[in-house]
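Listing of coords_38.tsv; format and content: TSV, C-alpha atoms.
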```
chain	number	residue	atom	x	y	z
A	1	MET	CA	48.82	-47.64	-15.42
A	2	ARG	CA	48.90	-44.19	-17.00
A	3	SER	CA	45.69	-44.84	-18.96
A	4	GLN	CA	43.96	-45.98	-15.73
A	5	THR	CA	44.97	-42.72	-14.00
A	6	ARG	CA	43.76	-40.71	-16.97
A	7	LEU	CA	40.47	-42.65	-17.02
A	8	LEU	CA	40.01	-42.13	-13.27
A	9	PHE	CA	40.70	-38.39	-13.64
A	10	LEU	CA	38.25	-38.15	-16.55
A	11	LEU	CA	35.61	-40.03	-14.56
A	12	LEU	CA	36.03	-37.77	-11.50
A	13	PHE	CA	35.99	-34.64	-13.63
A	14	SER	CA	32.79	-35.77	-15.39
A	15	LEU	CA	31.15	-36.54	-12.07
A	16	LEU	CA	32.07	-33.08	-10.76
A	17	VAL	CA	30.58	-31.40	-13.84
A	18	ILE	CA	27.37	-33.41	-13.54
A	19	LEU	CA	26.96	-32.67	-9.83
A	20	GLU	CA	27.55	-28.95	-10.39
A	21	GLY	CA	24.72	-28.95	-12.92
A	22	CYS	CA	22.38	-30.49	-10.34
A	23	ALA	CA	23.14	-27.99	-7.58
A	24	PRO	CA	20.20	-25.77	-6.53
A	25	LYS	CA	20.28	-22.27	-7.87
A	26	LYS	CA	18.74	-19.06	-6.59
A	27	VAL	CA	16.38	-17.57	-9.12
A	28	LYS	CA	15.96	-13.82	-9.23
A	29	VAL	CA	12.73	-12.36	-10.48
A	30	TYR	CA	14.51	-9.49	-12.19
A	31	GLU	CA	18.19	-9.10	-12.98
A	32	GLY	CA	19.15	-5.45	-13.10
A	33	PRO	CA	22.18	-3.30	-12.52
A	34	PRO	CA	22.87	-2.25	-8.89
A	35	GLN	CA	21.95	1.33	-9.78
A	36	LYS	CA	18.37	0.24	-10.50
A	37	GLY	CA	17.62	0.00	-6.77
A	38	GLU	CA	18.96	3.49	-6.20
A	39	ALA	CA	16.84	4.86	-9.05
A	40	ILE	CA	13.77	3.15	-7.59
A	41	VAL	CA	14.44	4.73	-4.19
A	42	GLN	CA	14.93	8.15	-5.77
A	43	TYR	CA	11.63	7.86	-7.61
A	44	ALA	CA	9.85	6.54	-4.49
A	45	THR	CA	11.07	9.45	-2.35
A	46	GLY	CA	9.71	11.83	-4.97
A	47	LEU	CA	6.27	10.61	-3.89
A	48	LEU	CA	6.74	11.56	-0.21
A	49	GLY	CA	3.64	13.15	1.27
A	50	ARG	CA	1.14	11.46	-1.06
A	51	PRO	CA	-1.86	10.35	1.00
A	52	TYR	CA	-2.69	6.85	2.14
A	53	LYS	CA	-5.91	5.28	0.94
A	54	PRO	CA	-6.81	1.60	1.43
A	55	GLY	CA	-6.63	-0.27	-1.89
A	56	ALA	CA	-5.15	2.72	-3.75
A	57	LYS	CA	-2.57	1.95	-6.43
A	58	GLY	CA	-1.47	5.54	-7.23
A	59	PRO	CA	-0.50	7.95	-8.48
A	60	ASP	CA	-2.56	10.31	-6.29
A	61	ALA	CA	-2.84	8.00	-3.23
A	62	PHE	CA	-1.46	4.62	-2.18
A	63	ASP	CA	-1.72	1.73	0.18
A	64	CYS	CA	1.56	-0.04	0.96
A	65	SER	CA	1.35	-2.74	-1.71
A	66	GLY	CA	-0.01	-0.31	-4.28
A	67	PHE	CA	2.95	1.96	-3.59
A	68	VAL	CA	5.47	-0.85	-4.21
A	69	HIS	CA	3.58	-1.98	-7.32
A	70	TYR	CA	3.43	1.55	-8.72
A	71	VAL	CA	7.09	2.41	-8.05
A	72	TYR	CA	8.47	-0.86	-9.46
A	73	GLY	CA	6.08	-0.59	-12.41
A	74	ARG	CA	7.66	2.73	-13.40
A	75	TYR	CA	10.77	0.67	-14.18
A	76	ASP	CA	8.84	-2.05	-16.05
A	77	ILE	CA	9.29	-4.48	-13.17
A	78	LYS	CA	6.10	-6.45	-12.63
A	79	VAL	CA	5.26	-7.24	-9.01
A	80	PRO	CA	1.99	-8.45	-7.46
A	81	PHE	CA	-0.69	-6.04	-6.20
A	82	THR	CA	-1.22	-7.57	-2.75
A	83	THR	CA	1.03	-7.81	0.29
A	84	GLU	CA	0.22	-11.51	0.61
A	85	GLU	CA	1.76	-12.11	-2.81
A	86	LEU	CA	4.60	-9.60	-2.37
A	87	VAL	CA	5.91	-11.38	0.74
A	88	ARG	CA	6.52	-14.46	-1.45
A	89	THR	CA	8.01	-12.60	-4.42
A	90	GLY	CA	11.76	-12.70	-5.04
A	91	TYR	CA	13.83	-14.19	-2.27
A	92	GLN	CA	14.71	-13.46	1.33
A	93	VAL	CA	18.01	-11.68	2.11
A	94	ALA	CA	19.92	-11.21	5.35
A	95	ARG	CA	20.08	-7.78	6.97
A	96	GLU	CA	23.81	-7.44	6.24
A	97	ASN	CA	23.10	-7.91	2.51
A	98	VAL	CA	20.24	-5.41	2.16
A	99	LEU	CA	20.47	-3.06	-0.83
A	100	ALA	CA	18.52	-0.02	-1.95
A	101	GLY	CA	15.31	-1.25	-3.59
A	102	ASP	CA	14.93	-4.38	-1.46
A	103	LEU	CA	11.63	-4.81	0.36
A	104	ALA	CA	11.15	-4.70	4.12
A	105	VAL	CA	8.31	-6.93	5.32
A	106	PHE	CA	6.43	-6.33	8.56
A	107	ASN	CA	3.56	-8.01	10.38
A	108	ILE	CA	1.30	-5.43	12.00
A	109	LYS	CA	-1.84	-6.61	13.75
A	110	ARG	CA	-1.87	-9.85	11.73
A	111	SER	CA	-1.53	-8.01	8.42
A	112	TYR	CA	1.53	-7.62	6.25
A	113	HIS	CA	3.08	-4.23	5.55
A	114	ILE	CA	5.73	-3.57	2.89
A	115	GLY	CA	8.29	-0.82	2.37
A	116	ILE	CA	11.17	-0.17	-0.05
A	117	MET	CA	14.60	-0.06	1.58
A	118	MET	CA	16.59	3.13	1.00
A	119	ASN	CA	19.70	1.98	2.84
A	120	GLU	CA	20.49	-0.48	5.64
A	121	ARG	CA	18.09	1.14	8.12
A	122	GLU	CA	15.62	3.47	6.36
A	123	PHE	CA	12.71	2.57	4.11
A	124	VAL	CA	10.03	4.47	2.20
A	125	HIS	CA	6.46	3.21	2.47
A	126	ALA	CA	2.80	4.18	2.37
A	127	SER	CA	1.89	4.68	6.02
A	128	SER	CA	-1.78	4.60	7.02
A	129	SER	CA	-1.15	7.52	9.39
A	130	ARG	CA	1.34	9.65	7.41
A	131	GLY	CA	0.91	8.73	3.75
A	132	VAL	CA	4.10	8.08	1.80
A	133	ALA	CA	6.83	8.57	4.38
A	134	ILE	CA	10.26	7.41	5.48
A	135	GLY	CA	10.52	4.94	8.35
A	136	SER	CA	13.51	3.69	10.32
A	137	LEU	CA	14.20	0.13	11.38
A	138	ASN	CA	15.73	1.65	14.52
A	139	ALA	CA	12.28	2.77	15.68
A	140	PHE	CA	10.76	0.40	18.25
A	141	TYR	CA	7.45	0.26	16.35
A	142	TRP	CA	9.16	-1.19	13.27
A	143	GLN	CA	11.60	-3.36	15.20
A	144	ARG	CA	8.85	-5.27	16.98
A	145	SER	CA	6.89	-5.98	13.78
A	146	PHE	CA	9.79	-6.62	11.37
A	147	LEU	CA	9.76	-10.03	9.62
A	148	HIS	CA	12.41	-10.07	6.87
A	149	PHE	CA	13.85	-8.47	3.73
A	150	ARG	CA	13.09	-9.59	0.19
A	151	ARG	CA	15.01	-8.96	-3.01
A	152	ILE	CA	13.17	-8.56	-6.28
A	153	LEU	CA	15.88	-6.76	-8.26
```

Please render this file's structure as structure tokens.
Amino acid sequence: MRSQTRLLFLLLFSLLVILEGCAPKKVKVYEGPPQKGEAIVQYATGLLGRPYKPGAKGPDAFDCSGFVHYVYGRYDIKVPFTTEELVRTGYQVARENVLAGDLAVFNIKRSYHIGIMMNEREFVHASSSRGVAIGSLNAFYWQRSFLHFRRIL
């Protein structure tokens, strides 16, 4: 009787281990310390006021995807050049889990726009009207076009 109990326990334990190994896992593109996002934001805000230019990848001018590519690249983090690819990079996160360095994704006039989150409501981005600037998710303009957040770090 005791050997049957032991065998049953061993069988259940083995099954549990096997099933755990088959569970889906979230894959991060880059695993870095939490401070990395803050450093990225600090660097990005150092570029405030740089002009917007369609297709520009920096350092003298940027479009929104070029800005993200340039800033992340300064930390040896490779991200795509285009917004269409950036919106599929990393993984989506809920608003309550947003961290500095996460991306904010918007849909403006059927085109994607990307910014780098500074905190839970502000982001830095390359604006076509203001160049590199800080935006707020509290502003109606950004609220109506907001899609989701993405984590690359």

Would you compute the distance between CA of Gly90 in chain A and CA of Leu153 in chain A? Give it in Å to one decimal.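 The value is 7.9 Å.
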
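Among the candidate residues A:Val132, A:Gly115, A:Lys36, A:Arg150, the one lying nearest to Pro51 in chain A is A:Val132, with distances computed using only C-alpha atoms.
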
Surrounding residues of Glu122 in chain A excluding itself and chain neighbours under 3 positions, 6 Å, all atoms listed in the file, as a compact mmCIF listing (two decimals) with C-alpha atoms, in the frame of the given file:
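In the end it all went to selection.txt:
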```txt
# COMPACT_ATOMS: atom_id res chain seq x y z
CA MET A 118 16.59 3.13 1.00
CA ASN A 119 19.70 1.98 2.84
CA GLY A 135 10.52 4.94 8.35
CA SER A 136 13.51 3.69 10.32
```

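Remark: for Phe67 in chain A, the closest of the candidate residues A:Phe106, A:Tyr52, A:Phe123, A:Tyr112 is A:Tyr52 (distances computed over only C-alpha atoms).
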
Distance query 7 Å from (11.9, -9.1, 1.9) using all atoms listed in the file, result as a list of chain:residue names: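 Applying the cut-off with all atoms listed in the file, one gets A:Val87, A:Tyr91, A:Gln92, A:Val93, A:Asp102, A:Leu103, A:Ala104, A:Val105, A:His148, A:Phe149, A:Arg150, A:Arg151.
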
Quick one: range 33-50 of chain A with N, CA and C atoms, as a PDB file, in the frame of the given file?
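Written output follows (out29.pdb):
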```
ATOM      1  N   PRO A  33      20.944  -3.868 -13.046  1.00  0.00           N
ATOM      2  CA  PRO A  33      22.180  -3.300 -12.520  1.00  0.00           C
ATOM      3  C   PRO A  33      21.958  -2.774 -11.099  1.00  0.00           C
ATOM      4  N   PRO A  34      23.028  -2.720 -10.269  1.00  0.00           N
ATOM      5  CA  PRO A  34      22.870  -2.250  -8.890  1.00  0.00           C
ATOM      6  C   PRO A  34      22.267  -0.853  -8.802  1.00  0.00           C
ATOM      7  N   GLN A  35      22.477  -0.024  -9.797  1.00  0.00           N
ATOM      8  CA  GLN A  35      21.950   1.330  -9.780  1.00  0.00           C
ATOM      9  C   GLN A  35      20.427   1.357  -9.881  1.00  0.00           C
ATOM     10  N   LYS A  36      19.822   0.294 -10.342  1.00  0.00           N
ATOM     11  CA  LYS A  36      18.370   0.240 -10.500  1.00  0.00           C
ATOM     12  C   LYS A  36      17.682   0.447  -9.154  1.00  0.00           C
ATOM     13  N   GLY A  37      18.198  -0.176  -8.096  1.00  0.00           N
ATOM     14  CA  GLY A  37      17.620   0.000  -6.770  1.00  0.00           C
ATOM     15  C   GLY A  37      17.696   1.436  -6.300  1.00  0.00           C
ATOM     16  N   GLU A  38      18.803   2.091  -6.581  1.00  0.00           N
ATOM     17  CA  GLU A  38      18.960   3.490  -6.200  1.00  0.00           C
ATOM     18  C   GLU A  38      17.996   4.385  -6.974  1.00  0.00           C
ATOM     19  N   ALA A  39      17.789   4.079  -8.246  1.00  0.00           N
ATOM     20  CA  ALA A  39      16.840   4.860  -9.050  1.00  0.00           C
ATOM     21  C   ALA A  39      15.418   4.658  -8.533  1.00  0.00           C
ATOM     22  N   ILE A  40      15.096   3.435  -8.153  1.00  0.00           N
ATOM     23  CA  ILE A  40      13.770   3.150  -7.590  1.00  0.00           C
ATOM     24  C   ILE A  40      13.548   3.943  -6.316  1.00  0.00           C
ATOM     25  N   VAL A  41      14.547   3.977  -5.448  1.00  0.00           N
ATOM     26  CA  VAL A  41      14.440   4.730  -4.190  1.00  0.00           C
ATOM     27  C   VAL A  41      14.281   6.216  -4.484  1.00  0.00           C
ATOM     28  N   GLN A  42      15.038   6.725  -5.433  1.00  0.00           N
ATOM     29  CA  GLN A  42      14.930   8.150  -5.770  1.00  0.00           C
ATOM     30  C   GLN A  42      13.527   8.476  -6.275  1.00  0.00           C
ATOM     31  N   TYR A  43      12.981   7.631  -7.116  1.00  0.00           N
ATOM     32  CA  TYR A  43      11.630   7.860  -7.610  1.00  0.00           C
ATOM     33  C   TYR A  43      10.613   7.770  -6.463  1.00  0.00           C
ATOM     34  N   ALA A  44      10.777   6.753  -5.609  1.00  0.00           N
ATOM     35  CA  ALA A  44       9.850   6.540  -4.490  1.00  0.00           C
ATOM     36  C   ALA A  44       9.855   7.739  -3.539  1.00  0.00           C
ATOM     37  N   THR A  45      11.011   8.298  -3.260  1.00  0.00           N
ATOM     38  CA  THR A  45      11.070   9.450  -2.350  1.00  0.00           C
ATOM     39  C   THR A  45      10.480  10.703  -2.984  1.00  0.00           C
ATOM     40  N   GLY A  46      10.385  10.729  -4.287  1.00  0.00           N
ATOM     41  CA  GLY A  46       9.710  11.830  -4.970  1.00  0.00           C
ATOM     42  C   GLY A  46       8.209  11.828  -4.721  1.00  0.00           C
ATOM     43  N   LEU A  47       7.693  10.734  -4.180  1.00  0.00           N
ATOM     44  CA  LEU A  47       6.270  10.610  -3.890  1.00  0.00           C
ATOM     45  C   LEU A  47       5.950  10.878  -2.411  1.00  0.00           C
ATOM     46  N   LEU A  48       6.953  11.283  -1.639  1.00  0.00           N
ATOM     47  CA  LEU A  48       6.740  11.560  -0.210  1.00  0.00           C
ATOM     48  C   LEU A  48       5.595  12.551  -0.027  1.00  0.00           C
ATOM     49  N   GLY A  49       4.759  12.269   0.960  1.00  0.00           N
ATOM     50  CA  GLY A  49       3.640  13.150   1.270  1.00  0.00           C
ATOM     51  C   GLY A  49       2.334  12.775   0.579  1.00  0.00           C
ATOM     52  N   ARG A  50       2.389  11.898  -0.419  1.00  0.00           N
ATOM     53  CA  ARG A  50       1.140  11.460  -1.060  1.00  0.00           C
ATOM     54  C   ARG A  50       0.295  10.753  -0.015  1.00  0.00           C
TER      55      ARG A  50
END
```
